>>> print(open('my_file.txt').read())   # compact mmCIF, C-alpha atoms
# COMPACT_ATOMS: atom_id res chain seq x y z
CA MET A 29 -7.11 1.01 15.12
CA ALA A 30 -8.51 4.01 16.98
CA LEU A 31 -10.44 5.13 13.91
CA GLY A 32 -12.16 1.75 13.72
CA VAL A 33 -13.26 2.06 17.34
CA LEU A 34 -14.71 5.52 16.71
CA LEU A 35 -16.62 4.34 13.63
CA HIS A 36 -17.75 1.00 15.06
CA GLY A 37 -21.26 0.01 14.00
CA GLY A 38 -21.97 3.32 12.28
CA SER A 39 -23.35 4.10 8.87
CA GLU A 40 -23.24 7.89 8.76
CA PRO A 41 -20.35 10.12 7.66
CA ASP A 42 -18.35 11.92 10.34
CA ARG A 43 -17.15 15.51 10.13
CA VAL A 44 -14.12 14.65 8.00
CA ASP A 45 -16.30 12.71 5.58
CA ASP A 46 -18.78 15.57 5.38
CA LEU A 47 -16.00 18.07 4.67
CA VAL A 48 -14.53 15.97 1.85
CA SER A 49 -17.97 15.36 0.35
CA ARG A 50 -18.74 19.08 0.33
CA LEU A 51 -15.44 19.81 -1.40
CA LEU A 52 -16.18 17.29 -4.15
CA ARG A 53 -19.91 17.94 -4.55
CA GLY A 54 -20.71 19.53 -7.89
CA SER A 55 -17.11 19.33 -9.09
CA VAL A 56 -15.96 17.71 -12.31
CA VAL A 57 -14.97 14.55 -10.42
CA ASP A 58 -18.28 14.06 -8.61
CA ASN A 59 -19.75 10.78 -9.95
CA ASN A 60 -17.37 10.93 -12.90
CA PRO A 61 -17.68 7.65 -14.88
CA LEU A 62 -13.97 7.69 -15.66
CA LEU A 63 -13.20 7.53 -11.95
CA GLY A 64 -15.59 4.62 -11.67
CA TRP A 65 -13.37 2.78 -14.14
CA VAL A 66 -10.30 3.70 -12.08
CA ALA A 67 -11.91 2.23 -8.97
CA ARG A 68 -12.44 -1.08 -10.77
CA MET A 69 -8.68 -1.40 -11.30
CA ALA A 70 -8.49 -2.76 -7.74
CA ASP A 71 -11.11 -5.45 -8.38
CA PRO A 72 -10.00 -9.05 -7.65
CA VAL A 73 -8.87 -9.97 -11.18
CA PRO A 74 -6.64 -6.90 -11.84
CA PHE A 75 -5.32 -7.15 -8.29
CA ALA A 76 -4.38 -10.82 -8.74
CA MET A 77 -2.67 -10.06 -12.05
CA VAL A 78 -0.54 -7.29 -10.56
CA VAL A 79 0.42 -9.35 -7.50
CA GLY A 80 1.28 -12.31 -9.72
CA GLY A 81 3.38 -10.11 -11.99
CA LEU A 82 5.35 -8.61 -9.09
CA THR A 83 5.93 -12.03 -7.56
CA LEU A 84 7.14 -13.48 -10.85
CA GLY A 85 9.33 -10.46 -11.42
CA GLY A 86 10.99 -10.95 -8.03
CA LEU A 87 11.70 -14.61 -8.78
CA LEU A 88 13.07 -13.93 -12.26
CA SER A 89 15.33 -11.15 -10.97
CA GLY A 90 16.87 -13.45 -8.36
CA ASN A 91 15.30 -11.70 -5.36
CA PRO A 92 13.18 -14.37 -3.64
CA ARG A 93 12.53 -12.37 -0.49
CA MET A 94 11.03 -9.53 -2.49
CA ALA A 95 8.97 -12.10 -4.41
CA GLN A 96 7.69 -13.37 -1.07
CA LEU A 97 6.82 -9.86 0.06
CA SER A 98 5.06 -9.13 -3.24
CA LEU A 99 2.83 -12.14 -2.68
CA VAL A 100 2.30 -12.15 1.08
CA GLY A 101 1.99 -8.41 1.81
CA PRO A 102 -0.92 -7.50 -0.49
CA ILE A 103 -2.80 -10.76 0.12
CA ALA A 104 -2.48 -10.31 3.88
CA ALA A 105 -3.79 -6.75 3.59
CA VAL A 106 -6.87 -7.78 1.62
CA LEU A 107 -7.67 -10.81 3.79
CA LEU A 108 -7.34 -8.79 6.98
CA THR A 109 -9.58 -6.11 5.52
CA GLU A 110 -12.35 -8.35 4.25
CA LEU A 111 -12.34 -11.18 6.79
CA VAL A 112 -11.29 -9.50 10.02
CA VAL A 113 -11.48 -5.71 10.27
CA LYS A 114 -14.62 -5.06 8.24
CA PRO A 115 -16.80 -7.55 10.19
CA VAL A 116 -15.38 -6.41 13.53
CA VAL A 117 -15.85 -2.67 12.90
CA GLY A 118 -19.21 -3.14 11.18
CA ARG A 119 -19.41 0.27 9.55
CA THR A 120 -21.70 0.29 6.51
CA LEU A 121 -22.38 2.41 3.47
CA GLY A 122 -25.35 1.56 1.28
CA GLY A 123 -25.88 -1.65 3.22
CA SER A 124 -22.34 -2.98 2.61
CA LEU A 125 -19.42 -3.10 5.02
CA ALA A 126 -17.24 -0.10 4.28
CA PHE A 127 -14.41 0.30 6.81
CA PRO A 128 -11.64 -0.04 5.85
CA SER A 129 -11.85 0.20 2.08
CA GLY A 130 -10.80 -3.08 0.47
CA HIS A 131 -9.99 -1.40 -2.83
CA THR A 132 -7.71 1.00 -0.97
CA SER A 133 -6.03 -1.80 0.97
CA ALA A 134 -5.36 -3.67 -2.27
CA THR A 135 -3.98 -0.65 -4.12
CA ALA A 136 -1.94 0.76 -1.25
CA SER A 137 -0.38 -2.60 -0.37
CA VAL A 138 0.80 -3.14 -3.94
CA CYS A 139 2.12 0.43 -4.06
CA ALA A 140 3.96 -0.11 -0.75
CA VAL A 141 5.70 -3.19 -2.17
CA VAL A 142 6.70 -1.29 -5.31
CA ALA A 143 8.00 1.59 -3.18
CA VAL A 144 10.21 -0.78 -1.17
CA LEU A 145 11.58 -2.20 -4.41
CA LEU A 146 12.37 1.27 -5.74
CA LEU A 147 13.97 2.42 -2.49
CA ASP A 148 16.35 -0.53 -2.48
CA THR A 149 19.58 1.39 -3.06
CA SER A 150 21.56 -1.83 -3.42
CA ARG A 151 20.02 -2.16 -6.87
CA ARG A 152 21.24 0.26 -9.51
CA TYR A 153 18.06 1.78 -10.82
CA PRO A 154 18.58 5.15 -12.52
CA ARG A 155 17.66 7.97 -10.15
CA VAL A 156 15.28 9.55 -12.65
CA LEU A 157 13.48 6.23 -13.06
CA ARG A 158 13.14 5.85 -9.29
CA VAL A 159 11.65 9.32 -8.93
CA LEU A 160 9.24 8.91 -11.83
CA LEU A 161 8.02 5.52 -10.66
CA LEU A 162 7.63 6.68 -7.05
CA CYS A 163 5.60 9.64 -8.27
CA GLY A 164 3.50 7.21 -10.30
CA VAL A 165 2.92 5.06 -7.21
CA LEU A 166 1.79 8.07 -5.19
CA ALA A 167 -0.42 9.27 -8.03
CA GLN A 168 -2.07 5.85 -8.31
CA CYS A 169 -2.88 5.80 -4.61
CA ALA A 170 -4.24 9.33 -4.68
CA THR A 171 -6.33 8.67 -7.79
CA MET A 172 -7.82 5.50 -6.31
CA ALA A 173 -8.72 7.35 -3.12
CA LEU A 174 -10.37 10.16 -5.08
CA ALA A 175 -12.25 7.69 -7.27
CA LEU A 176 -13.72 5.76 -4.36
CA VAL A 177 -14.94 8.90 -2.59
CA ALA A 178 -16.12 10.73 -5.72
CA THR A 179 -18.18 7.73 -6.86
CA HIS A 180 -19.66 7.40 -3.34
CA GLN A 181 -18.37 3.89 -2.80
CA HIS A 182 -16.57 4.84 0.41
CA TYR A 183 -16.26 7.61 2.96
CA ALA A 184 -12.94 9.42 3.23
CA THR A 185 -12.26 7.79 6.61
CA ASP A 186 -12.68 4.36 5.01
CA ILE A 187 -9.85 5.32 2.66
CA GLY A 188 -7.63 6.37 5.56
CA GLY A 189 -8.26 3.07 7.31
CA GLY A 190 -7.39 1.17 4.15
CA PHE A 191 -4.07 2.99 3.75
CA ALA A 192 -3.11 2.36 7.39
CA LEU A 193 -3.96 -1.33 7.24
CA ALA A 194 -2.09 -1.81 3.95
CA LEU A 195 1.07 -0.20 5.28
CA ALA A 196 0.95 -2.23 8.49
CA SER A 197 0.37 -5.44 6.55
CA VAL A 198 3.28 -4.94 4.16
CA LEU A 199 5.74 -3.91 6.90
CA GLY A 200 4.55 -6.75 9.14
CA ALA A 201 4.92 -9.26 6.31
CA ALA A 202 8.43 -7.94 5.59
CA LEU A 203 9.43 -8.43 9.23
CA VAL A 204 8.09 -12.00 9.35
CA ILE A 205 9.75 -12.91 6.03
CA ASP A 206 13.10 -11.59 7.24
CA LYS A 207 12.90 -13.51 10.53
CA LEU A 208 11.92 -16.76 8.83
CA ASN A 209 14.71 -16.46 6.28
CA ALA A 210 17.27 -15.68 8.99
CA ARG A 211 16.11 -18.64 11.09
CA ARG A 212 16.22 -21.03 8.15
CA ARG A 213 19.74 -19.94 7.19
CA GLY A 214 20.98 -19.88 10.76
CA GLY A 215 21.96 -16.22 10.58
CA PRO A 216 21.32 -12.95 8.77
CA PRO A 217 19.71 -13.44 5.33
CA ARG A 218 22.16 -13.69 2.45
CA GLY A 219 21.76 -13.37 -1.30
CA GLY A 220 18.78 -12.32 -3.33
CA GLY A 221 19.09 -8.68 -2.33
CA ALA A 222 18.68 -7.05 1.04
CA PRO A 223 15.72 -8.07 3.25
CA PRO A 224 12.62 -5.92 2.69
CA VAL A 225 12.61 -4.35 6.17
CA LEU A 226 16.31 -3.49 5.97
CA VAL A 227 15.87 -2.20 2.43
CA ALA A 228 13.27 0.27 3.68
CA ARG A 229 15.38 1.23 6.69
CA GLY A 230 18.57 1.66 4.68
CA SER A 231 16.77 3.60 1.96
CA LEU A 232 15.39 6.08 4.47
CA GLN A 233 18.91 6.57 5.88
CA ALA A 234 20.23 7.09 2.38
CA LEU A 235 17.59 9.71 1.70
CA GLN A 236 18.59 11.51 4.90
CA ASP A 237 22.26 11.42 3.91
CA HIS A 238 21.63 12.56 0.32
CA GLY A 239 23.15 15.92 -0.39
CA GLY A 240 25.44 15.76 2.66
CA THR A 241 29.02 14.67 3.06
CA ARG A 242 28.36 11.15 4.31
CA VAL A 243 28.45 8.16 1.99
CA MET A 244 25.08 6.59 1.26
CA ARG A 245 24.81 3.22 2.91
CA THR A 246 22.15 0.55 2.97
CA ALA A 247 21.57 -1.97 5.69
CA ALA A 248 22.71 -5.45 4.91
>>> encode(input="my_file.txt", output="structure tokens")
Amino acid sequence: MALGVLLHGGSEPDRVDDLVSRLLRGSVVDNNPLLGWVARMADPVPFAMVVGGLTLGGLLSGNPRMAQLSLVGPIAAVLLTELVVKPVVGRTLGGSLAFPSGHTSATASVCAVVAVLLLDTSRRYPRVLRVLLLCGVLAQCATMALALVATHQHYATDIGGGFALALASVLGAALVIDKLNARRRGGPPRGGGAPPVLVARGSLQALQDHGGTRVMRTAA
């Protein structure tokens, strides 16, 4: 990550961090205790409960590949953050490794998995429900980012790094899961819903086609 290279070994905010801090300083969100509570929602125990719930939900709904993604994607994001990227980059805030933000990686990876589930057009979720839940996912990510910066637990660039790593982890996990399933079955994955990567690809195509004359299709 280019941002990690630029911030390697540092402990001071850059210009983007300074700008965000100035915008928040003295505002109603600056050091707001409620936002401190929001930040704790990505602590290990709540994170494990959400990941476990999504995984179980995938299994019970007969979609094992999505259950695999729900488990592997977020865990990969957090492990890469805490065990690989943070020690390599070495950026600190208050004496603790800060880049990328682990709380952001945890939250964004779970939100990415939920977004893939909602964008799976092969499953007949009501459109209003999809929109509301997607808005909720985006709001959760934005609120977590604001909470971490406003409570001075992370710089804004730490948040950006966390989002990038989470997205890469979930998409990478989806690709590996699809390849392993295809290899084990001796061909394209069958049953249990469309593969996560193709779900995302097909959903984006469907969004592009929406409102036109073409029929919405999903990859299979």
>>> closest_residue(input="my_file.txt", among="A:Leu199, A:Arg158, A:Thr185, A:Ser133", to="Asp71 (chain A)", atoms="all atoms listed in the file")
A:Ser133
>>> atom_distance(input="my_file.txt", atom1="CA of Gly123 (chain A)", atom2="CA of Pro41 (chain A)")
13.7 Å
>>> closest_residue(input="my_file.txt", among="A:Leu145, A:Arg93, A:Leu111, A:Leu195", to="Ala210 (chain A)", atoms="all atoms listed in the file")
A:Arg93
>>> closest_residue(input="my_file.txt", among="A:Leu157, A:Ser129, A:Val141, A:Thr120", to="Ala95 (chain A)", atoms="only C-alpha atoms")
A:Val141
>>> closest_residue(input="my_file.txt", among="A:Leu146, A:Arg151, A:Gly122, A:Leu52", to="Gly90 (chain A)", atoms="only C-alpha atoms")
A:Arg151
>>> residues_around(input="my_file.txt", residues="Leu51 (chain A)", least_positions_apart="5", cutoff="12 Å", atoms="all atoms listed in the file", output="short mmCIF file (atom, residue, chain, number, x, y, z; two decimals) with C-alpha atoms, in the coordinates of the input")
data_model
loop_
_atom_site.label_atom_id
_atom_site.label_comp_id
_atom_site.auth_asym_id
_atom_site.auth_seq_id
_atom_site.Cartn_x
_atom_site.Cartn_y
_atom_site.Cartn_z
CA VAL A 44 -14.12 14.65 8.00
CA ASP A 45 -16.30 12.71 5.58
CA ASP A 46 -18.78 15.57 5.38
CA VAL A 56 -15.96 17.71 -12.31
CA VAL A 57 -14.97 14.55 -10.42
CA ASP A 58 -18.28 14.06 -8.61
CA LEU A 174 -10.37 10.16 -5.08
CA VAL A 177 -14.94 8.90 -2.59
CA ALA A 178 -16.12 10.73 -5.72
CA ALA A 184 -12.94 9.42 3.23
#
>>> closest_residue(input="my_file.txt", among="A:Phe75, A:Gly37, A:Gly130, A:Ala105", to="Leu176 (chain A)", atoms="all atoms listed in the file")
A:Gly130
>>> residues_around(input="my_file.txt", residues="region 76-83 of chain A", least_positions_apart="2", cutoff="9 Å", atoms="all atoms listed in the file", output="PyMOL selection string")
chain A and resi 71-74+85-88+92+94-99+102-103+138+141-142
